[in-house]
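Structure below is upload37.cif: mmCIF, C-alpha atoms and all ligand atoms.
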```cif
data_model
#
loop_
_atom_site.group_PDB
_atom_site.id
_atom_site.type_symbol
_atom_site.label_atom_id
_atom_site.label_comp_id
_atom_site.auth_asym_id
_atom_site.auth_seq_id
_atom_site.Cartn_x
_atom_site.Cartn_y
_atom_site.Cartn_z
ATOM 1 C CA MET A 1 72.426 121.558 85.396
ATOM 2 C CA SER A 2 70.983 122.147 88.808
ATOM 3 C CA ASP A 3 69.950 118.702 89.989
ATOM 4 C CA GLY A 4 72.657 116.758 91.717
ATOM 5 C CA GLU A 5 73.780 119.917 93.471
ATOM 6 C CA SER A 6 71.104 119.407 96.102
ATOM 7 C CA ALA A 7 72.585 116.076 97.195
ATOM 8 C CA VAL A 8 76.005 117.641 97.577
ATOM 9 C CA SER A 9 74.806 120.647 99.550
ATOM 10 C CA GLU A 10 72.733 118.394 101.823
ATOM 11 C CA VAL A 11 75.924 116.773 103.093
ATOM 12 C CA ALA A 12 77.869 120.013 103.125
ATOM 13 C CA SER A 13 75.275 121.831 105.232
ATOM 14 C CA GLU A 14 75.800 119.405 108.134
ATOM 15 C CA PRO A 15 79.531 119.608 108.823
ATOM 16 C CA ASP A 16 79.412 117.232 111.802
ATOM 17 C CA SER A 17 77.720 114.517 109.843
ATOM 18 C CA THR A 18 79.886 114.861 106.766
ATOM 19 C CA VAL A 19 82.298 112.113 107.721
ATOM 20 C CA LEU A 20 79.549 109.717 108.666
ATOM 21 C CA ALA A 21 77.520 110.566 105.566
ATOM 22 C CA ASP A 22 80.623 110.135 103.457
ATOM 23 C CA THR A 23 81.373 106.750 104.942
ATOM 24 C CA GLU A 24 77.823 105.627 104.405
ATOM 25 C CA SER A 25 77.831 106.675 100.789
ATOM 26 C CA LYS A 26 81.099 104.901 100.077
ATOM 27 C CA SER A 27 79.641 101.778 98.619
ATOM 28 C CA PRO A 28 81.197 101.452 95.199
ATOM 29 C CA VAL A 29 79.060 102.097 92.176
ATOM 30 C CA ILE A 30 81.260 99.739 90.152
ATOM 31 C CA ASP A 31 82.711 96.630 91.746
ATOM 32 C CA ALA A 32 84.724 94.521 89.318
ATOM 33 C CA SER A 33 86.518 91.464 90.561
ATOM 34 C CA GLY A 34 88.854 88.922 89.006
ATOM 35 C CA LEU A 35 88.301 89.968 85.406
ATOM 36 C CA SER A 36 90.165 87.843 82.918
ATOM 37 C CA HIS A 37 89.674 87.602 79.200
ATOM 38 C CA ALA A 38 91.338 85.992 76.217
ATOM 39 C CA PHE A 39 90.781 86.268 72.487
ATOM 40 C CA GLY A 40 91.687 82.785 71.331
ATOM 41 C CA ASP A 41 94.977 81.959 73.023
ATOM 42 C CA VAL A 42 95.858 85.585 73.638
ATOM 43 C CA VAL A 43 95.196 86.706 77.189
ATOM 44 C CA VAL A 44 94.227 90.393 77.023
ATOM 45 C CA LEU A 45 93.112 90.941 80.631
ATOM 46 C CA ASP A 46 94.638 89.052 83.501
ATOM 47 C CA ASP A 47 92.775 88.925 86.829
ATOM 48 C CA LEU A 48 91.889 92.603 87.249
ATOM 49 C CA SER A 49 89.856 93.992 90.128
ATOM 50 C CA LEU A 50 88.654 97.568 90.435
ATOM 51 C CA THR A 51 86.091 99.486 92.439
ATOM 52 C CA VAL A 52 84.810 102.955 91.617
ATOM 53 C CA GLU A 53 83.032 105.251 94.066
ATOM 54 C CA PRO A 54 80.196 107.633 93.231
ATOM 55 C CA GLY A 55 81.628 110.952 92.065
ATOM 56 C CA GLU A 56 85.052 109.487 91.421
ATOM 57 C CA ILE A 57 87.031 110.081 88.223
ATOM 58 C CA VAL A 58 89.141 107.081 87.291
ATOM 59 C CA ALA A 59 91.419 107.340 84.277
ATOM 60 C CA LEU A 60 92.679 104.242 82.549
ATOM 61 C CA VAL A 61 95.942 104.879 80.756
ATOM 62 C CA GLY A 62 98.122 102.467 78.862
ATOM 63 C CA PRO A 63 99.719 101.812 75.508
ATOM 64 C CA ASN A 64 97.648 100.781 72.506
ATOM 65 C CA GLY A 65 96.609 97.167 72.842
ATOM 66 C CA SER A 66 97.012 97.119 76.619
ATOM 67 C CA GLY A 67 93.355 96.171 77.108
ATOM 68 C CA LYS A 68 91.665 99.495 77.927
ATOM 69 C CA THR A 69 88.769 99.171 75.496
ATOM 70 C CA THR A 70 88.130 95.591 76.511
ATOM 71 C CA LEU A 71 88.116 96.494 80.201
ATOM 72 C CA LEU A 72 85.796 99.489 79.651
ATOM 73 C CA GLN A 73 83.372 97.273 77.732
ATOM 74 C CA PHE A 74 83.242 94.947 80.716
ATOM 75 C CA LEU A 75 82.856 97.784 83.252
ATOM 76 C CA SER A 76 79.975 99.250 81.272
ATOM 77 C CA LYS A 77 78.494 95.773 80.853
ATOM 78 C CA VAL A 78 78.192 95.970 77.079
ATOM 79 C CA ARG A 79 80.157 92.697 77.010
ATOM 80 C CA ALA A 80 80.951 89.996 79.530
ATOM 81 C CA PRO A 81 84.428 88.715 80.374
ATOM 82 C CA ASN A 82 85.482 85.045 80.243
ATOM 83 C CA ALA A 83 85.954 85.156 84.010
ATOM 84 C CA GLY A 84 85.184 87.524 86.850
ATOM 85 C CA THR A 85 82.232 89.617 87.912
ATOM 86 C CA VAL A 86 81.145 93.208 87.429
ATOM 87 C CA THR A 87 78.497 94.723 89.672
ATOM 88 C CA VAL A 88 77.256 98.170 88.768
ATOM 89 C CA GLY A 89 75.252 100.007 91.417
ATOM 90 C CA ALA A 90 73.231 98.592 94.223
ATOM 91 C CA GLY A 91 69.917 98.112 92.469
ATOM 92 C CA ASP A 92 68.288 97.866 89.074
ATOM 93 C CA ARG A 93 68.048 101.595 88.694
ATOM 94 C CA THR A 94 71.727 102.349 88.249
ATOM 95 C CA ARG A 95 72.221 103.660 84.769
ATOM 96 C CA VAL A 96 75.442 103.518 82.788
ATOM 97 C CA GLY A 97 76.257 105.898 79.956
ATOM 98 C CA TYR A 98 78.836 104.489 77.567
ATOM 99 C CA LEU A 99 80.844 106.213 74.864
ATOM 100 C CA PRO A 100 82.423 103.550 72.644
ATOM 101 C CA GLN A 101 85.779 104.141 71.028
ATOM 102 C CA ARG A 102 84.130 104.520 67.615
ATOM 103 C CA PRO A 103 80.596 105.804 68.101
ATOM 104 C CA GLU A 104 78.361 105.247 65.090
ATOM 105 C CA PHE A 105 75.067 106.835 64.215
ATOM 106 C CA ARG A 106 72.520 106.069 61.579
ATOM 107 C CA GLU A 107 73.092 108.219 58.530
ATOM 108 C CA GLY A 108 70.490 110.601 57.156
ATOM 109 C CA PHE A 109 69.488 112.154 60.471
ATOM 110 C CA THR A 110 70.546 115.423 62.025
ATOM 111 C CA VAL A 111 72.498 115.704 65.244
ATOM 112 C CA ALA A 112 69.435 116.974 67.133
ATOM 113 C CA ASP A 113 67.130 114.283 65.714
ATOM 114 C CA THR A 114 69.678 111.608 66.568
ATOM 115 C CA LEU A 115 69.948 112.718 70.172
ATOM 116 C CA ARG A 116 66.170 113.084 70.393
ATOM 117 C CA PHE A 117 65.858 109.477 69.245
ATOM 118 C CA TYR A 118 67.881 108.282 72.231
ATOM 119 C CA THR A 119 65.855 110.343 74.721
ATOM 120 C CA GLN A 120 62.863 108.077 74.221
ATOM 121 C CA PHE A 121 64.663 105.292 76.110
ATOM 122 C CA VAL A 122 64.682 107.206 79.393
ATOM 123 C CA GLU A 123 61.712 108.316 81.412
ATOM 124 C CA GLU A 124 63.123 111.752 82.254
ATOM 125 C CA ASP A 125 62.482 114.751 80.045
ATOM 126 C CA VAL A 126 65.714 115.531 78.263
ATOM 127 C CA ASP A 127 66.357 118.954 76.826
ATOM 128 C CA VAL A 128 68.189 118.087 73.625
ATOM 129 C CA GLY A 129 69.342 121.677 73.112
ATOM 130 C CA THR A 130 70.845 121.888 76.597
ATOM 131 C CA THR A 131 72.642 118.569 76.183
ATOM 132 C CA LEU A 132 74.067 119.587 72.798
ATOM 133 C CA ASP A 133 75.138 122.901 74.278
ATOM 134 C CA ARG A 134 76.883 121.114 77.119
ATOM 135 C CA VAL A 135 79.070 119.130 74.744
ATOM 136 C CA GLY A 136 79.669 122.067 72.396
ATOM 137 C CA LEU A 137 77.520 120.835 69.508
ATOM 138 C CA SER A 138 74.735 123.481 69.449
ATOM 139 C CA GLU A 139 75.876 124.947 66.192
ATOM 140 C CA ALA A 140 75.895 121.515 64.554
ATOM 141 C CA ALA A 141 72.377 120.624 65.738
ATOM 142 C CA ASP A 142 70.928 120.680 62.220
ATOM 143 C CA ARG A 143 73.857 118.998 60.542
ATOM 144 C CA ARG A 144 73.532 115.430 59.347
ATOM 145 C CA VAL A 145 75.569 112.978 61.376
ATOM 146 C CA GLU A 146 77.536 111.768 58.353
ATOM 147 C CA ALA A 147 78.848 115.325 57.860
ATOM 148 C CA LEU A 148 80.419 115.455 61.317
ATOM 149 C CA SER A 149 84.168 115.277 61.871
ATOM 150 C CA GLY A 150 85.525 112.402 63.942
ATOM 151 C CA GLY A 151 85.800 114.662 66.986
ATOM 152 C CA MET A 152 82.245 115.949 66.605
ATOM 153 C CA THR A 153 80.924 112.416 66.196
ATOM 154 C CA ARG A 154 82.617 111.614 69.480
ATOM 155 C CA LEU A 155 80.970 114.637 71.128
ATOM 156 C CA LEU A 156 77.594 113.399 69.914
ATOM 157 C CA GLY A 157 78.482 110.041 71.445
ATOM 158 C CA LEU A 158 79.230 111.850 74.686
ATOM 159 C CA ALA A 159 75.868 113.626 74.504
ATOM 160 C CA ARG A 160 74.188 110.250 73.991
ATOM 161 C CA ALA A 161 76.061 108.820 76.982
ATOM 162 C CA LEU A 162 74.737 111.660 79.163
ATOM 163 C CA VAL A 163 71.065 111.190 78.273
ATOM 164 C CA GLY A 164 69.061 110.354 81.397
ATOM 165 C CA ASP A 165 71.710 111.533 83.901
ATOM 166 C CA PRO A 166 73.469 108.174 84.361
ATOM 167 C CA ASP A 167 75.083 107.243 87.691
ATOM 168 C CA VAL A 168 78.150 105.936 85.890
ATOM 169 C CA VAL A 169 79.685 107.242 82.676
ATOM 170 C CA VAL A 170 82.248 105.106 80.858
ATOM 171 C CA LEU A 171 84.135 106.974 78.139
ATOM 172 C CA ASP A 172 86.525 105.213 75.783
ATOM 173 C CA GLU A 173 89.079 107.768 74.559
ATOM 174 C CA PRO A 174 86.610 110.669 74.645
ATOM 175 C CA ALA A 175 89.308 113.259 73.860
ATOM 176 C CA SER A 176 90.566 111.532 70.734
ATOM 177 C CA GLY A 177 90.213 113.743 67.657
ATOM 178 C CA LEU A 178 89.217 116.851 69.615
ATOM 179 C CA ASP A 179 90.954 120.186 69.193
ATOM 180 C CA PRO A 180 92.819 121.459 72.286
ATOM 181 C CA GLY A 181 89.965 123.742 73.338
ATOM 182 C CA MET A 182 87.463 120.891 73.182
ATOM 183 C CA VAL A 183 89.824 118.591 75.076
ATOM 184 C CA GLU A 184 89.787 121.114 77.914
ATOM 185 C CA ARG A 185 85.999 121.433 77.677
ATOM 186 C CA LEU A 186 85.646 117.657 77.716
ATOM 187 C CA PHE A 187 87.611 117.336 80.940
ATOM 188 C CA GLU A 188 85.599 120.217 82.433
ATOM 189 C CA ILE A 189 82.433 118.260 81.640
ATOM 190 C CA VAL A 190 83.969 115.214 83.311
ATOM 191 C CA ALA A 191 84.765 117.272 86.421
ATOM 192 C CA GLU A 192 81.210 118.687 86.464
ATOM 193 C CA LEU A 193 79.723 115.204 86.223
ATOM 194 C CA ALA A 194 81.847 114.012 89.127
ATOM 195 C CA ALA A 195 80.850 117.058 91.201
ATOM 196 C CA GLU A 196 77.227 116.043 90.618
ATOM 197 C CA GLY A 197 78.019 112.574 92.015
ATOM 198 C CA THR A 198 78.414 110.717 88.726
ATOM 199 C CA ALA A 199 81.264 108.219 88.614
ATOM 200 C CA VAL A 200 83.386 108.623 85.494
ATOM 201 C CA VAL A 201 85.729 105.982 84.121
ATOM 202 C CA LEU A 202 87.599 106.992 81.024
ATOM 203 C CA SER A 203 90.586 106.014 78.938
ATOM 204 C CA SER A 204 92.809 108.694 77.515
ATOM 205 C CA HIS A 205 96.210 109.417 76.061
ATOM 206 C CA ASN A 206 95.857 113.089 77.068
ATOM 207 C CA LEU A 207 97.904 112.790 80.226
ATOM 208 C CA GLY A 208 98.025 116.540 80.965
ATOM 209 C CA PRO A 209 94.274 116.887 81.495
ATOM 210 C CA VAL A 210 94.163 113.440 83.108
ATOM 211 C CA GLU A 211 96.745 114.588 85.661
ATOM 212 C CA ARG A 212 94.690 117.695 86.433
ATOM 213 C CA THR A 213 91.282 116.018 86.528
ATOM 214 C CA ALA A 214 91.441 112.359 87.601
ATOM 215 C CA ASP A 215 91.137 111.271 91.228
ATOM 216 C CA ARG A 216 92.784 107.991 90.407
ATOM 217 C CA VAL A 217 94.905 106.800 87.518
ATOM 218 C CA VAL A 218 95.137 103.135 86.669
ATOM 219 C CA VAL A 219 98.029 102.207 84.397
ATOM 220 C CA LEU A 220 97.333 99.176 82.261
ATOM 221 C CA ASP A 221 100.069 97.360 80.372
ATOM 222 C CA GLY A 222 99.756 93.966 78.751
ATOM 223 C CA GLY A 223 96.373 93.343 80.373
ATOM 224 C CA ARG A 224 97.609 93.960 83.935
ATOM 225 C CA PHE A 225 97.511 96.927 86.269
ATOM 226 C CA VAL A 226 101.099 98.072 86.658
ATOM 227 C CA ALA A 227 100.310 101.105 88.828
ATOM 228 C CA THR A 228 97.340 102.672 90.559
ATOM 229 C CA GLY A 229 97.112 105.867 92.552
ATOM 230 C CA SER A 230 96.308 109.541 92.468
ATOM 231 C CA PRO A 231 98.159 111.399 89.708
ATOM 232 C CA GLN A 232 100.418 112.882 92.386
ATOM 233 C CA GLU A 233 101.166 109.460 93.899
ATOM 234 C CA LEU A 234 102.122 108.049 90.515
ATOM 235 C CA VAL A 235 104.329 111.020 89.712
ATOM 236 C CA GLU A 236 106.064 110.716 93.088
ATOM 237 C CA SER A 237 106.457 106.942 92.932
ATOM 238 C CA ALA A 238 108.092 107.237 89.520
ATOM 239 C CA GLU A 239 110.226 110.152 90.738
ATOM 240 C CA ALA A 240 108.934 112.055 87.742
ATOM 241 C CA THR A 241 107.962 115.674 87.157
ATOM 242 C CA ASP A 242 104.596 114.980 85.596
ATOM 243 C CA LEU A 243 102.271 112.145 84.673
ATOM 244 C CA GLN A 244 103.507 111.961 81.092
ATOM 245 C CA THR A 245 107.058 111.312 82.283
ATOM 246 C CA ALA A 246 105.858 108.930 84.987
ATOM 247 C CA PHE A 247 103.867 106.998 82.399
ATOM 248 C CA GLY A 248 107.004 106.401 80.330
ATOM 249 C CA THR A 249 108.787 105.002 83.358
ATOM 250 C CA LEU A 250 105.894 102.907 84.631
ATOM 251 C CA VAL A 251 105.034 101.328 81.338
ATOM 252 C CA SER A 252 108.529 100.663 80.038
ATOM 253 C CA THR A 253 109.779 99.041 83.255
ATOM 254 C CA GLU A 254 106.500 97.337 84.193
ATOM 255 C CA GLU A 255 107.300 98.050 87.801
ATOM 256 C CA VAL A 256 104.397 97.847 90.200
ATOM 257 C CA ALA A 257 104.132 101.178 91.927
ATOM 258 C CA GLY A 258 101.501 102.528 94.264
ATOM 259 C CA ARG A 259 98.847 100.147 95.441
HETATM 260 P P1 LIG A 301 93.445 99.211 73.997
HETATM 261 O O1 LIG A 301 92.075 99.777 74.144
HETATM 262 O O2 LIG A 301 94.300 99.435 75.216
HETATM 263 O O3 LIG A 301 94.131 99.656 72.752
HETATM 264 P P2 LIG A 301 92.089 96.704 73.428
HETATM 265 O O4 LIG A 301 91.240 96.367 74.603
HETATM 266 O O5 LIG A 301 91.425 97.323 72.247
HETATM 267 O O6 LIG A 301 93.309 97.618 73.927
HETATM 268 O O7 LIG A 301 92.831 95.397 72.940
HETATM 269 C C1 LIG A 301 93.575 94.562 73.805
HETATM 270 C C2 LIG A 301 94.124 93.395 73.032
HETATM 271 O O8 LIG A 301 93.041 92.584 72.626
HETATM 272 C C3 LIG A 301 94.867 93.791 71.765
HETATM 273 O O9 LIG A 301 95.949 92.924 71.628
HETATM 274 C C4 LIG A 301 93.847 93.574 70.682
HETATM 275 O O10 LIG A 301 94.485 93.264 69.483
HETATM 276 C C5 LIG A 301 93.072 92.399 71.224
HETATM 277 N N1 LIG A 301 91.682 92.369 70.756
HETATM 278 C C6 LIG A 301 90.734 93.298 71.010
HETATM 279 N N2 LIG A 301 89.558 92.956 70.476
HETATM 280 C C7 LIG A 301 89.763 91.772 69.852
HETATM 281 C C8 LIG A 301 88.937 90.876 69.121
HETATM 282 N N3 LIG A 301 87.636 91.132 68.922
HETATM 283 N N4 LIG A 301 89.491 89.751 68.639
HETATM 284 C C9 LIG A 301 90.793 89.484 68.863
HETATM 285 N N5 LIG A 301 91.625 90.251 69.560
HETATM 286 C C10 LIG A 301 91.131 91.389 70.038
#
```
Could you show the structure in this file as structure tokens?
Ligand code: ADP
Amino acid sequence: MSDGESAVSEVASEPDSTVLADTESKSPVIDASGLSHAFGDVVVLDDLSLTVEPGEIVALVGPNGSGKTTLLQFLSKVRAPNAGTVTVGAGDRTRVGYLPQRPEFREGFTVADTLRFYTQFVEEDVDVGTTLDRVGLSEAADRRVEALSGGMTRLLGLARALVGDPDVVVLDEPASGLDPGMVERLFEIVAELAAEGTAVVLSSHNLGPVERTADRVVVLDGGRFVATGSPQELVESAEATDLQTAFGTLVSTEEVAGR
């Protein structure tokens, strides 16, 4: 993908203006404030605020039931919280690509036809073959969606989320059900998107790739942020050797570390 690179090189070619340009571009592409939500009497998110910058990779990690899916639904604006606000982008043109935890597609259609269907909702020309290639689904292009494995269905969901080059991509457990090679490829795609200026917010239990790829890790437990920081900051604050070990400490003790 060549577009997106131009914006990056524009800043890079003017070293003296880089800081200024950086500062100017630092308005968040997601600004979520005071998000709270309950299902019946059960509070699942408790007064959460989060901003995400263009080109930033934010990983949401937390035990099952900690509220990740609910928060990602609010950040992508597919649902609204009981309280709080979510602003995405500065104008109407900001586009969000969303991969739900369980993507579903209408049966009876091939992978390529399914993706082609979604391209009609954006004004840009989308090369279906290139998009399928990017997510590693080229060889399954002619397969019917109901014949896909869980991991492949998720990859098709990722392809759908990327249609139209969104400014923000929200991915709910994108690595779930993928073989180790595809997990690596998935996080490479995430890094490529961020390098092109796309903000990526994802949830994942794959803490190895998260540690290598994310700019910021937000640890959610019981509907609250218990730690936020770069992977390195979280590892150091937990006096751990890696993010996996830090996660165990942060979540079991519920200590607030970082910022
Ligand atoms: P995670 O993605 O971290 O596993 P979820 O956001 O899916 O967490 O769920 C957070 C909490 O909200 C869980 O206790 C879950 O049971 C509850 N929950 C999620 N969706 C619903 C719903 N539609 N009705 C009732 N409770 C729900």
Using only C-alpha atoms and all ligand atoms, find each residue of chain A with at least one atom at most 9 Å away from an atom of ligand LIG 301 (chain A); report its shortest atom-to-atom pair and that distance in Å (one decimal), sort the rows by chain and rising residue number, and return the result as JSON lines.
```
{"residue": "A:His37", "atom": "CA", "partner": "A:LIG301", "partner_atom": "O8", "distance": 8.9}
{"residue": "A:Ala38", "atom": "CA", "partner": "A:LIG301", "partner_atom": "O8", "distance": 7.7}
{"residue": "A:Phe39", "atom": "CA", "partner": "A:LIG301", "partner_atom": "C9", "distance": 4.8}
{"residue": "A:Gly40", "atom": "CA", "partner": "A:LIG301", "partner_atom": "C9", "distance": 7.2}
{"residue": "A:Val42", "atom": "CA", "partner": "A:LIG301", "partner_atom": "N5", "distance": 7.5}
{"residue": "A:Val43", "atom": "CA", "partner": "A:LIG301", "partner_atom": "O8", "distance": 7.7}
{"residue": "A:Val44", "atom": "CA", "partner": "A:LIG301", "partner_atom": "C2", "distance": 5.0}
{"residue": "A:Leu45", "atom": "CA", "partner": "A:LIG301", "partner_atom": "C1", "distance": 7.7}
{"residue": "A:Leu60", "atom": "CA", "partner": "A:LIG301", "partner_atom": "O2", "distance": 8.9}
{"residue": "A:Val61", "atom": "CA", "partner": "A:LIG301", "partner_atom": "O2", "distance": 7.9}
{"residue": "A:Gly62", "atom": "CA", "partner": "A:LIG301", "partner_atom": "O2", "distance": 6.1}
{"residue": "A:Pro63", "atom": "CA", "partner": "A:LIG301", "partner_atom": "O2", "distance": 5.9}
{"residue": "A:Asn64", "atom": "CA", "partner": "A:LIG301", "partner_atom": "O3", "distance": 3.7}
{"residue": "A:Gly65", "atom": "CA", "partner": "A:LIG301", "partner_atom": "O6", "distance": 3.5}
{"residue": "A:Ser66", "atom": "CA", "partner": "A:LIG301", "partner_atom": "O2", "distance": 3.8}
{"residue": "A:Gly67", "atom": "CA", "partner": "A:LIG301", "partner_atom": "O4", "distance": 3.3}
{"residue": "A:Lys68", "atom": "CA", "partner": "A:LIG301", "partner_atom": "O2", "distance": 3.8}
{"residue": "A:Thr69", "atom": "CA", "partner": "A:LIG301", "partner_atom": "O1", "distance": 3.6}
{"residue": "A:Thr70", "atom": "CA", "partner": "A:LIG301", "partner_atom": "O4", "distance": 3.7}
{"residue": "A:Leu71", "atom": "CA", "partner": "A:LIG301", "partner_atom": "O4", "distance": 6.4}
{"residue": "A:Leu72", "atom": "CA", "partner": "A:LIG301", "partner_atom": "O4", "distance": 8.1}
{"residue": "A:Gln73", "atom": "CA", "partner": "A:LIG301", "partner_atom": "O4", "distance": 8.5}
{"residue": "A:Gln101", "atom": "CA", "partner": "A:LIG301", "partner_atom": "O1", "distance": 8.3}
{"residue": "A:Asp172", "atom": "CA", "partner": "A:LIG301", "partner_atom": "O1", "distance": 7.9}
{"residue": "A:Glu173", "atom": "CA", "partner": "A:LIG301", "partner_atom": "O1", "distance": 8.5}
{"residue": "A:Ser203", "atom": "CA", "partner": "A:LIG301", "partner_atom": "O1", "distance": 8.0}
{"residue": "A:Leu220", "atom": "CA", "partner": "A:LIG301", "partner_atom": "O2", "distance": 7.7}
{"residue": "A:Asp221", "atom": "CA", "partner": "A:LIG301", "partner_atom": "O2", "distance": 8.0}
{"residue": "A:Gly222", "atom": "CA", "partner": "A:LIG301", "partner_atom": "C1", "distance": 7.9}
{"residue": "A:Gly223", "atom": "CA", "partner": "A:LIG301", "partner_atom": "C1", "distance": 7.2}
```
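Counting only C-alpha atoms, the residue from A:Glu107, A:Pro81, A:Ala194, A:Ala246 that sits nearest to A:Val217 is A:Ala246.
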*Quick one: everything within 12 Å of A:Leu178, counting all atoms listed in the file, minus sequence neighbours fewer than 6 positions away in the same chain. Send it as a ChimeraX atom specification.*
/A:135-136,149-155,184-187,204,206
*If you measure from atom CA of A:Leu250 to atom CA of A:Glu233, what distance in Å do you get, rounded to one decimal?*
12.3 Å
*asked:* Using all atoms listed in the file for the distances, tell me which of A:Asp165, A:Pro103, A:Arg160, A:Thr110 is nearest to A:Asp125.
replied: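 The answer is A:Asp165, which sits nearest to A:Asp125.
Nearest to A:Val219 of all the residues A:Leu48, A:Leu137, A:Val88, A:Val96 is A:Leu48, counting all atoms listed in the file.
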*Between atom CA of A:Asp133 and atom CA of A:Leu193, measure the distance and give it in Å to one decimal.*
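For atom CA of A:Asp133 relative to atom CA of A:Leu193, the distance reads 14.9 Å.
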